[in-house]
Amino acid sequence: MRILVAPDCFGGTLTAREASEAIAAGWRSGAPDDEIVIRPLADGGPGFVEVLSVALGGTVHETTVTGPLGEPVTASWLEVPDAAGGTAYIESAQANGLHLIPERDPSSALRASSRGVGELIAQARDAGLRRAVVGLGGSASTDGGAGMFAALGAVGVDVVGRALVDGGAALRDCVGLLGEVELGGLQLVAASDVENTLLGEHGAARVFGPQKGADAVAVEALDAALTSWAEVLASATGRDVRELPSAGAAGGLGAGLLALGAEVESGAELVRRLTGLDTALDTVQLAVTGEGSFDWQSLRGKLVTAVARGAAERGLPCLVLAGQVSVGKREAGAAGVEHSYAVAEHAGSVAAAFADPAGTLTAMAADVARQWGGR
C-alpha cells in the first residue's frame with residue numbers, strides 16, 4: 001500500500017519534518033512492504049517558512065529582529081519570485097513565538113509584543129516585493145498587532161501623546177496613533193490557523209491568553225486593552241475589525257493585519273495548495289497526519305482537518321497520530337478522521353512522551369502500521 005505521511009509540527013518538540021521522519025520510520029518497521037510519501041506541512045504557525053521553502057524554492061533570508069520581550073532573536077523569511085512582483089512568506093512565530101519565552105507567566109503575557117513581525121514585514125517591503133503572506137499561530141504576544149504597527153511607523157500613544165511601551169497591557173491607555181503605517185504598496189495576506197474574533201469569550205485574550213501564561217487577572221487586563229486598541233484601529237484605519245473571523249489569531253495580530261487591509265486565507269488550505277497535497281493524495285490509499293494536541297481547536301481550521309478533508313474527498317481513510325487526543329470519535333469522524341492515536345497514551349504518560357518525542361512517536365507509528373499497513 002502507498003501511504004501519505006503529512007503531519008504538522010508537534011508543539012515545540014518536533015518540527016513537521018522531524019515528525020514526518022519519525023512516523024515514516026515507525027511505519028517502515030511495522031509495514032515494511034508499504035511505500036511512503038512524506039509531505040511535512042504547516043498551517044501558518046511554526047514550520048510555515050521551512051515547509052514552503054521546500055515546496056516552492058526561493059530565497060530564505062535570515063535576519064535579526066526584536067523578540068517578544070525585546071531581546072534580539074534570529075528569524076527567517078522566504079522570498080519567492082512571481083509574475084506579480086514577488087511574494088514574501090513570513091512566519092510570525094519566528095519573531096514572537098511561545099518558544100522564545102523562557103517562562104510563561106502573567107508578566108511575560110502582558111509585556112510580549114509583535115514588533116518583530118512588523119520588522120520582518122518591513123524587510124519584505126524594503127526588498128520591493130508586492131505581497132507578503134503572514135503565517136499566524138504559536139504567538140507569545142496578545143497585543144493586537146500594536147508592536148507590528150510600531151515597527152511599520154505608527155506608534156500607539158496615550159492621552160497626553162506619550163508613546164506607549166510594547167506589550168498588550170499598555171494598550172489600555174491607547175487613544176490614538178503617532179505616525180502612519182508605511183507599506184509601500186505591499187499587499188498583505190493573513191494565513192490564519194484559527195477563526196476566533198478579537199474580543200470577549202471567544203477572543204484572543206480569553207481563549208489563548210492562558211496558554212501564554214496569563215492568569216485570570218491578566219486575561220481581563222488584556223481583553224480590556226484590546227478593546228481600547230480596537231477602537232483606535234477603527235478610528236485610524238476606518239476598519240472595525242472586532243467581529244471579523246481570525247481577528248483574534250496570534251494574540252490579535254490578525255486584527256492588526258485586517259485593519260491594514262489584509263486578506264484572510266486559511267493557512268492550512270494555502271499550504272495544502274502550495275505544497276501539492278492534493279496531487280499527493282491522488283496517488284495514495286491512506287493518509288496519516290498529526291500534531292502535538294488533537295483537540296477542539298484542531299477542528300477549526302487546523303492542518304489535520306485540511307488533510308482529513310482532502311482524504312475524505314477521495315474516499316480515503318485518514319489517521320491522526322498526535323501527542324495527546326481529546327477529540328471524541330464522533331467529532332473526529334465528522335471531520336473525516338477514521339481513527340486517532342495518542343502518543344502519551346501509547347507511551348504510558350505525557351512525561352514519557354515528552355522525554356523522547358521522536359522515539360515514542362516512532363514506536364506508536366510502528367504499532368499503527370501493523371494494524372493498517374499492507375491492506
# chains A, B, ... in the order shown; residues from 1 in each chain; ligands from 1
call {"tool": "select_by_dssp", "arguments": {"residues": "segment 51-146 of chain A", "states": "alpha helix (DSSP H)", "output": "PyMOL selection string"}}
result
chain A and resi 51-56+92-96+106-111+115-126+146
call {"tool": "closest_atom_pairs", "arguments": {"of": "segment 222-248 of chain A", "to": "segment 100-114 of chain A", "cutoff": "12 Å", "atoms": "only C-alpha atoms", "output": "Markdown table"}}
result
| residue | atom | partner | partner_atom | distance |
| --- | --- | --- | --- | --- |
| A:Leu222 | CA | A:Leu110 | CA | 7.0 |
| A:Asp223 | CA | A:Leu110 | CA | 10.7 |
| A:Ala224 | CA | A:Leu110 | CA | 11.9 |
| A:Ala225 | CA | A:Leu110 | CA | 10.0 |
| A:Leu226 | CA | A:Leu110 | CA | 11.5 |
call {"tool": "write_last_selection", "arguments": {"atoms": "N, CA, C and O atoms", "output": "mmCIF file, in the first residue's frame"}}
result
data_model
loop_
_atom_site.group_PDB
_atom_site.id
_atom_site.type_symbol
_atom_site.label_atom_id
_atom_site.label_comp_id
_atom_site.auth_asym_id
_atom_site.auth_seq_id
_atom_site.Cartn_x
_atom_site.Cartn_y
_atom_site.Cartn_z
ATOM 1 N N LEU A 222 -5.849 42.146 29.498
ATOM 2 C CA LEU A 222 -5.543 42.083 28.072
ATOM 3 C C LEU A 222 -6.797 42.277 27.227
ATOM 4 O O LEU A 222 -6.765 42.952 26.192
ATOM 5 N N ASP A 223 -7.911 41.704 27.662
ATOM 6 C CA ASP A 223 -9.143 41.881 26.897
ATOM 7 C C ASP A 223 -9.582 43.344 26.909
ATOM 8 O O ASP A 223 -10.016 43.882 25.878
ATOM 9 N N ALA A 224 -9.454 43.995 28.064
ATOM 10 C CA ALA A 224 -9.789 45.424 28.149
ATOM 11 C C ALA A 224 -8.848 46.250 27.277
ATOM 12 O O ALA A 224 -9.270 47.203 26.600
ATOM 13 N N ALA A 225 -7.569 45.892 27.269
ATOM 14 C CA ALA A 225 -6.593 46.621 26.458
ATOM 15 C C ALA A 225 -6.890 46.458 24.972
ATOM 16 O O ALA A 225 -6.814 47.417 24.196
ATOM 17 N N LEU A 226 -7.250 45.240 24.562
ATOM 18 C CA LEU A 226 -7.580 45.005 23.158
ATOM 19 C C LEU A 226 -8.855 45.742 22.752
ATOM 20 O O LEU A 226 -9.001 46.150 21.589
#
call {"tool": "closest_atom_pairs", "arguments": {"of": "segment 13-66 of chain A", "to": "segment 274-288 of chain A", "cutoff": "9 Å", "atoms": "only C-alpha atoms", "output": "CSV"}}
result
residue,atom,partner,partner_atom,distance
A:Ile23,CA,A:Val288,CA,8.7
A:Ile36,CA,A:Val284,CA,8.8
A:Val37,CA,A:Ala280,CA,7.8
A:Arg39,CA,A:Leu277,CA,7.6
A:Leu41,CA,A:Thr275,CA,8.0
A:Val51,CA,A:Thr275,CA,8.1
A:Leu52,CA,A:Thr275,CA,7.0
A:Val54,CA,A:Thr275,CA,8.5
A:Ala55,CA,A:Thr275,CA,5.3
A:Leu56,CA,A:Leu274,CA,7.4
call {"tool": "write_last_selection", "arguments": {"atoms": "all heavy atoms", "output": "PDB file, in the first residue's frame"}}
result
ATOM      1  N   ILE A  23       7.377   9.230  12.032  1.00  0.00           N
ATOM      2  CA  ILE A  23       6.233   8.402  11.636  1.00  0.00           C
ATOM      3  C   ILE A  23       6.639   7.434  10.532  1.00  0.00           C
ATOM      4  O   ILE A  23       6.295   6.244  10.557  1.00  0.00           O
ATOM      5  CB  ILE A  23       5.057   9.283  11.186  1.00  0.00           C
ATOM      6  CG1 ILE A  23       4.511  10.089  12.368  1.00  0.00           C
ATOM      7  CG2 ILE A  23       3.945   8.431  10.562  1.00  0.00           C
ATOM      8  CD1 ILE A  23       3.506  11.163  11.978  1.00  0.00           C
ATOM      9  N   ILE A  36       6.002   4.842   1.166  1.00  0.00           N
ATOM     10  CA  ILE A  36       5.657   6.030   1.953  1.00  0.00           C
ATOM     11  C   ILE A  36       6.016   7.297   1.189  1.00  0.00           C
ATOM     12  O   ILE A  36       7.126   7.437   0.677  1.00  0.00           O
ATOM     13  CB  ILE A  36       6.382   6.020   3.314  1.00  0.00           C
ATOM     14  CG1 ILE A  36       5.956   4.794   4.119  1.00  0.00           C
ATOM     15  CG2 ILE A  36       6.085   7.298   4.100  1.00  0.00           C
ATOM     16  CD1 ILE A  36       6.751   4.598   5.393  1.00  0.00           C
ATOM     17  N   VAL A  37       5.050   8.209   1.131  1.00  0.00           N
ATOM     18  CA  VAL A  37       5.262   9.538   0.575  1.00  0.00           C
ATOM     19  C   VAL A  37       5.266  10.524   1.740  1.00  0.00           C
ATOM     20  O   VAL A  37       4.294  10.580   2.506  1.00  0.00           O
ATOM     21  CB  VAL A  37       4.145   9.918  -0.420  1.00  0.00           C
ATOM     22  CG1 VAL A  37       4.345  11.349  -0.932  1.00  0.00           C
ATOM     23  CG2 VAL A  37       4.096   8.934  -1.575  1.00  0.00           C
ATOM     24  N   ARG A  39       5.269  14.304   3.267  1.00  0.00           N
ATOM     25  CA  ARG A  39       4.929  15.686   2.919  1.00  0.00           C
ATOM     26  C   ARG A  39       4.723  16.489   4.207  1.00  0.00           C
ATOM     27  O   ARG A  39       3.605  16.624   4.689  1.00  0.00           O
ATOM     28  CB  ARG A  39       3.654  15.720   2.078  1.00  0.00           C
ATOM     29  CG  ARG A  39       3.319  17.068   1.488  1.00  0.00           C
ATOM     30  CD  ARG A  39       4.197  17.448   0.304  1.00  0.00           C
ATOM     31  NE  ARG A  39       3.650  16.931  -0.950  1.00  0.00           N
ATOM     32  CZ  ARG A  39       4.268  16.032  -1.705  1.00  0.00           C
ATOM     33  NH1 ARG A  39       5.439  15.535  -1.323  1.00  0.00           N
ATOM     34  NH2 ARG A  39       3.764  15.626  -2.846  1.00  0.00           N
ATOM     35  N   LEU A  41       3.949  19.440   6.670  1.00  0.00           N
ATOM     36  CA  LEU A  41       3.018  20.541   6.431  1.00  0.00           C
ATOM     37  C   LEU A  41       3.009  21.527   7.597  1.00  0.00           C
ATOM     38  O   LEU A  41       3.605  21.294   8.646  1.00  0.00           O
ATOM     39  CB  LEU A  41       1.603  19.991   6.194  1.00  0.00           C
ATOM     40  CG  LEU A  41       1.422  19.084   4.977  1.00  0.00           C
ATOM     41  CD1 LEU A  41       0.000  18.543   4.941  1.00  0.00           C
ATOM     42  CD2 LEU A  41       1.740  19.811   3.676  1.00  0.00           C
ATOM     43  N   VAL A  51       8.475  24.638   5.569  1.00  0.00           N
ATOM     44  CA  VAL A  51       7.654  23.798   4.692  1.00  0.00           C
ATOM     45  C   VAL A  51       7.523  24.417   3.307  1.00  0.00           C
ATOM     46  O   VAL A  51       7.661  23.739   2.283  1.00  0.00           O
ATOM     47  CB  VAL A  51       6.267  23.574   5.329  1.00  0.00           C
ATOM     48  CG1 VAL A  51       5.275  23.031   4.314  1.00  0.00           C
ATOM     49  CG2 VAL A  51       6.379  22.618   6.518  1.00  0.00           C
ATOM     50  N   LEU A  52       7.261  25.718   3.255  1.00  0.00           N
ATOM     51  CA  LEU A  52       7.065  26.369   1.964  1.00  0.00           C
ATOM     52  C   LEU A  52       8.367  26.526   1.194  1.00  0.00           C
ATOM     53  O   LEU A  52       8.368  26.495  -0.043  1.00  0.00           O
ATOM     54  CB  LEU A  52       6.384  27.723   2.152  1.00  0.00           C
ATOM     55  CG  LEU A  52       4.929  27.650   2.608  1.00  0.00           C
ATOM     56  CD1 LEU A  52       4.326  29.048   2.739  1.00  0.00           C
ATOM     57  CD2 LEU A  52       4.090  26.807   1.644  1.00  0.00           C
ATOM     58  N   VAL A  54      10.750  24.359   1.085  1.00  0.00           N
ATOM     59  CA  VAL A  54      10.966  23.057   0.451  1.00  0.00           C
ATOM     60  C   VAL A  54      10.074  22.910  -0.774  1.00  0.00           C
ATOM     61  O   VAL A  54      10.495  22.427  -1.831  1.00  0.00           O
ATOM     62  CB  VAL A  54      10.714  21.908   1.451  1.00  0.00           C
ATOM     63  CG1 VAL A  54      10.737  20.561   0.744  1.00  0.00           C
ATOM     64  CG2 VAL A  54      11.749  21.934   2.570  1.00  0.00           C
ATOM     65  N   ALA A  55       8.829  23.358  -0.649  1.00  0.00           N
ATOM     66  CA  ALA A  55       7.859  23.186  -1.731  1.00  0.00           C
ATOM     67  C   ALA A  55       8.064  24.169  -2.877  1.00  0.00           C
ATOM     68  O   ALA A  55       7.877  23.819  -4.049  1.00  0.00           O
ATOM     69  CB  ALA A  55       6.440  23.326  -1.182  1.00  0.00           C
ATOM     70  N   LEU A  56       8.438  25.406  -2.551  1.00  0.00           N
ATOM     71  CA  LEU A  56       8.442  26.478  -3.546  1.00  0.00           C
ATOM     72  C   LEU A  56       9.832  26.911  -3.989  1.00  0.00           C
ATOM     73  O   LEU A  56       9.960  27.616  -5.005  1.00  0.00           O
ATOM     74  CB  LEU A  56       7.704  27.706  -2.992  1.00  0.00           C
ATOM     75  CG  LEU A  56       6.256  27.506  -2.547  1.00  0.00           C
ATOM     76  CD1 LEU A  56       5.705  28.798  -1.961  1.00  0.00           C
ATOM     77  CD2 LEU A  56       5.398  27.021  -3.695  1.00  0.00           C
TER      78      LEU A  56
END
call {"tool": "closest_atom_pairs", "arguments": {"of": "segment 34-105 of chain A", "to": "segment 245-264 of chain A", "cutoff": "9 Å", "atoms": "only C-alpha atoms", "output": "Markdown table"}}
result
| residue | atom | partner | partner_atom | distance |
| --- | --- | --- | --- | --- |
| A:Gly45 | CA | A:Ala250 | CA | 9.0 |
| A:Ser92 | CA | A:Ala250 | CA | 8.2 |
| A:Ala93 | CA | A:Ala250 | CA | 8.6 |
call {"tool": "closest_residue", "arguments": {"among": "A:Thr362, A:Thr237, A:Thr227, A:Ser266", "to": "Gly203 of chain A", "atoms": "only C-alpha atoms"}}
result
A:Thr227
call {"tool": "select_by_dssp", "arguments": {"residues": "segment 37-213 of chain A", "states": "strand (DSSP E or B)", "output": "PyMOL selection string"}}
result
chain A and resi 37-38+59-66+72-80+87-91+97+131-135+139+155-157+163+176-178+187-192
call {"tool": "closest_residue", "arguments": {"among": "A:Asp143, A:Glu79, A:Gly176, A:Ala342", "to": "Ser235 of chain A", "atoms": "only C-alpha atoms"}}
result
A:Gly176
call {"tool": "closest_residue", "arguments": {"among": "A:Ala75, A:Ala24, A:Val157, A:Leu299", "to": "Gly328 of chain A", "atoms": "only C-alpha atoms"}}
result
A:Leu299
call {"tool": "residues_around", "arguments": {"residues": "Gly58 of chain A", "least_positions_apart": "3", "cutoff": "7 Å", "atoms": "only C-alpha atoms", "output": "MDAnalysis selection string"}}
result
chainID A and resid 53 78:81
call {"tool": "write_last_selection", "arguments": {"atoms": "all heavy atoms", "output": "tab-separated table (two decimals), in the first residue's frame"}}
result
chain	number	residue	atom	x	y	z
A	53	SER	N	9.49	26.68	1.89
A	53	SER	CA	10.76	26.79	1.17
A	53	SER	C	11.09	25.48	0.46
A	53	SER	O	11.64	25.49	-0.65
A	53	SER	CB	11.89	27.18	2.14
A	53	SER	OG	12.16	26.14	3.07
A	78	LEU	N	10.86	33.93	3.69
A	78	LEU	CA	11.06	33.35	2.37
A	78	LEU	C	10.63	34.32	1.28
A	78	LEU	O	9.53	34.86	1.33
A	78	LEU	CB	10.25	32.05	2.26
A	78	LEU	CG	10.24	31.34	0.90
A	78	LEU	CD1	11.64	30.83	0.55
A	78	LEU	CD2	9.24	30.19	0.93
A	79	GLU	N	11.51	34.52	0.31
A	79	GLU	CA	11.19	35.34	-0.87
A	79	GLU	C	11.03	34.43	-2.08
A	79	GLU	O	11.94	33.67	-2.41
A	79	GLU	CB	12.30	36.35	-1.12
A	79	GLU	CG	12.08	37.20	-2.38
A	79	GLU	CD	13.22	38.16	-2.66
A	79	GLU	OE1	14.11	38.30	-1.78
A	79	GLU	OE2	13.23	38.76	-3.74
A	80	VAL	N	9.86	34.52	-2.72
A	80	VAL	CA	9.59	33.70	-3.90
A	80	VAL	C	9.24	34.61	-5.07
A	80	VAL	O	8.23	35.33	-5.01
A	80	VAL	CB	8.43	32.71	-3.64
A	80	VAL	CG1	8.14	31.88	-4.89
A	80	VAL	CG2	8.76	31.78	-2.47
A	81	PRO	N	10.04	34.62	-6.12
A	81	PRO	CA	9.73	35.44	-7.29
A	81	PRO	C	8.44	34.97	-7.97
A	81	PRO	O	8.15	33.77	-8.00
A	81	PRO	CB	10.94	35.22	-8.21
A	81	PRO	CG	12.01	34.64	-7.35
A	81	PRO	CD	11.30	33.87	-6.29
call {"tool": "residues_around", "arguments": {"residues": "Val160 of chain A", "least_positions_apart": "3", "cutoff": "12 Å", "atoms": "only C-alpha atoms", "output": "tab-separated table (two decimals) with all heavy atoms, in the first residue's frame"}}
result
chain	number	residue	atom	x	y	z
A	156	GLY	N	1.39	53.61	19.08
A	156	GLY	CA	0.28	53.94	19.96
A	156	GLY	C	0.68	54.97	21.00
A	156	GLY	O	1.79	54.91	21.55
A	157	VAL	N	-0.21	55.93	21.29
A	157	VAL	CA	0.08	56.97	22.27
A	157	VAL	C	-1.06	57.07	23.29
A	157	VAL	O	-2.19	56.66	23.03
A	157	VAL	CB	0.28	58.35	21.60
A	157	VAL	CG1	1.51	58.32	20.70
A	157	VAL	CG2	-0.96	58.75	20.79
A	163	ALA	N	4.36	58.04	23.72
A	163	ALA	CA	4.41	56.73	23.08
A	163	ALA	C	4.30	55.63	24.13
A	163	ALA	O	4.91	55.69	25.20
A	163	ALA	CB	5.70	56.57	22.30
A	164	LEU	N	3.50	54.63	23.84
A	164	LEU	CA	3.30	53.52	24.77
A	164	LEU	C	4.45	52.52	24.67
A	164	LEU	O	5.05	52.35	23.62
A	164	LEU	CB	1.99	52.80	24.46
A	164	LEU	CG	0.71	53.63	24.56
A	164	LEU	CD1	-0.48	52.80	24.11
A	164	LEU	CD2	0.50	54.13	25.98
A	173	ASP	N	-4.25	52.18	27.74
A	173	ASP	CA	-4.12	53.64	27.76
A	173	ASP	C	-4.03	54.23	26.36
A	173	ASP	O	-3.82	55.44	26.21
A	173	ASP	CB	-2.87	54.04	28.55
A	173	ASP	CG	-2.96	53.63	30.01
A	173	ASP	OD1	-4.07	53.68	30.57
A	173	ASP	OD2	-1.92	53.24	30.58
A	174	CYS	N	-4.17	53.40	25.33
A	174	CYS	CA	-4.00	53.88	23.96
A	174	CYS	C	-5.24	54.66	23.50
A	174	CYS	O	-6.36	54.17	23.60
A	174	CYS	CB	-3.76	52.70	23.01
A	174	CYS	SG	-3.25	53.19	21.37
A	175	VAL	N	-4.99	55.88	22.99
A	175	VAL	CA	-6.10	56.70	22.48
A	175	VAL	C	-5.90	57.09	21.02
A	175	VAL	O	-6.77	57.71	20.41
A	175	VAL	CB	-6.29	57.98	23.32
A	175	VAL	CG1	-6.65	57.64	24.76
A	175	VAL	CG2	-5.04	58.85	23.26
A	176	GLY	N	-4.75	56.75	20.46
A	176	GLY	CA	-4.51	57.12	19.07
A	176	GLY	C	-3.16	56.64	18.60
A	176	GLY	O	-2.44	55.93	19.32
A	177	LEU	N	-2.80	57.01	17.37
A	177	LEU	CA	-1.54	56.62	16.77
A	177	LEU	C	-0.72	57.84	16.39
A	177	LEU	O	-1.27	58.84	15.92
A	177	LEU	CB	-1.78	55.78	15.51
A	177	LEU	CG	-2.43	54.41	15.69
A	177	LEU	CD1	-2.71	53.78	14.33
A	177	LEU	CD2	-1.55	53.50	16.53
A	178	LEU	N	0.58	57.74	16.60
A	178	LEU	CA	1.51	58.78	16.17
A	178	LEU	C	2.26	58.24	14.96
A	178	LEU	O	2.96	57.24	15.05
A	178	LEU	CB	2.50	59.11	17.29
A	178	LEU	CG	3.58	60.14	16.95
A	178	LEU	CD1	2.94	61.50	16.65
A	178	LEU	CD2	4.59	60.25	18.09
call {"tool": "atom_distance", "arguments": {"atom1": "atom CA of Leu14 of chain A", "atom2": "atom CA of Met364 of chain A"}}
result
15.1 Å
call {"tool": "residues_around", "arguments": {"residues": "His99 of chain A", "least_positions_apart": "6", "cutoff": "10 Å", "atoms": "only C-alpha atoms", "output": "PyMOL selection string"}}
result
chain A and resi 11-12+46+93+138-140
call {"tool": "write_last_selection", "arguments": {"atoms": "all heavy atoms", "output": "CSV table (one decimal), in the first residue's frame"}}
result
chain,number,residue,atom,x,y,z
A,11,GLY,N,4.0,20.8,18.6
A,11,GLY,CA,4.1,21.7,19.7
A,11,GLY,C,5.4,21.9,20.4
A,11,GLY,O,5.5,21.7,21.6
A,12,GLY,N,6.5,22.3,19.7
A,12,GLY,CA,7.7,22.7,20.3
A,12,GLY,C,8.6,21.5,20.6
A,12,GLY,O,9.7,21.7,21.1
A,46,PRO,N,4.3,27.6,13.6
A,46,PRO,CA,5.7,27.1,13.5
A,46,PRO,C,5.9,26.1,12.3
A,46,PRO,O,5.1,25.2,12.1
A,46,PRO,CB,5.9,26.5,14.8
A,46,PRO,CG,5.0,27.2,15.7
A,46,PRO,CD,3.8,27.4,14.9
A,93,ALA,N,5.6,33.3,14.2
A,93,ALA,CA,6.2,32.7,15.4
A,93,ALA,C,7.7,32.8,15.5
A,93,ALA,O,8.3,32.6,16.6
A,93,ALA,CB,5.7,31.2,15.4
A,138,GLY,N,1.0,30.1,17.1
A,138,GLY,CA,2.1,29.9,18.0
A,138,GLY,C,2.7,31.1,18.7
A,138,GLY,O,3.9,31.2,19.1
A,139,SER,N,1.9,32.2,18.7
A,139,SER,CA,2.5,33.5,19.2
A,139,SER,C,2.5,33.6,20.7
A,139,SER,O,1.8,33.0,21.4
A,139,SER,CB,1.6,34.7,18.7
A,139,SER,OG,0.4,34.7,19.3
A,140,ALA,N,3.5,34.4,21.2
A,140,ALA,CA,3.6,34.7,22.6
A,140,ALA,C,2.9,36.0,23.0
A,140,ALA,O,2.5,36.2,24.2
A,140,ALA,CB,5.1,34.9,23.0
call {"tool": "residues_around", "arguments": {"residues": "segment 336-340 of chain A", "least_positions_apart": "3", "cutoff": "7 Å", "atoms": "only C-alpha atoms", "output": "JSON, numbers by chain"}}
result
{"A": [308, 309, 312, 317, 318, 319, 320, 321, 332, 333]}
call {"tool": "closest_residue", "arguments": {"among": "A:Gly161, A:Pro68, A:Pro40, A:Gly238", "to": "Arg272 of chain A", "atoms": "only C-alpha atoms"}}
result
A:Pro40
call {"tool": "residues_around", "arguments": {"residues": "Ile38 of chain A", "least_positions_apart": "3", "cutoff": "9 Å", "atoms": "only C-alpha atoms", "output": "PyMOL selection string"}}
result
chain A and resi 3-7+17+20-21+24
call {"tool": "closest_residue", "arguments": {"among": "A:Ala124, A:Gly137, A:Asp158, A:Leu98", "to": "Gly85 of chain A", "atoms": "only C-alpha atoms"}}
result
A:Ala124
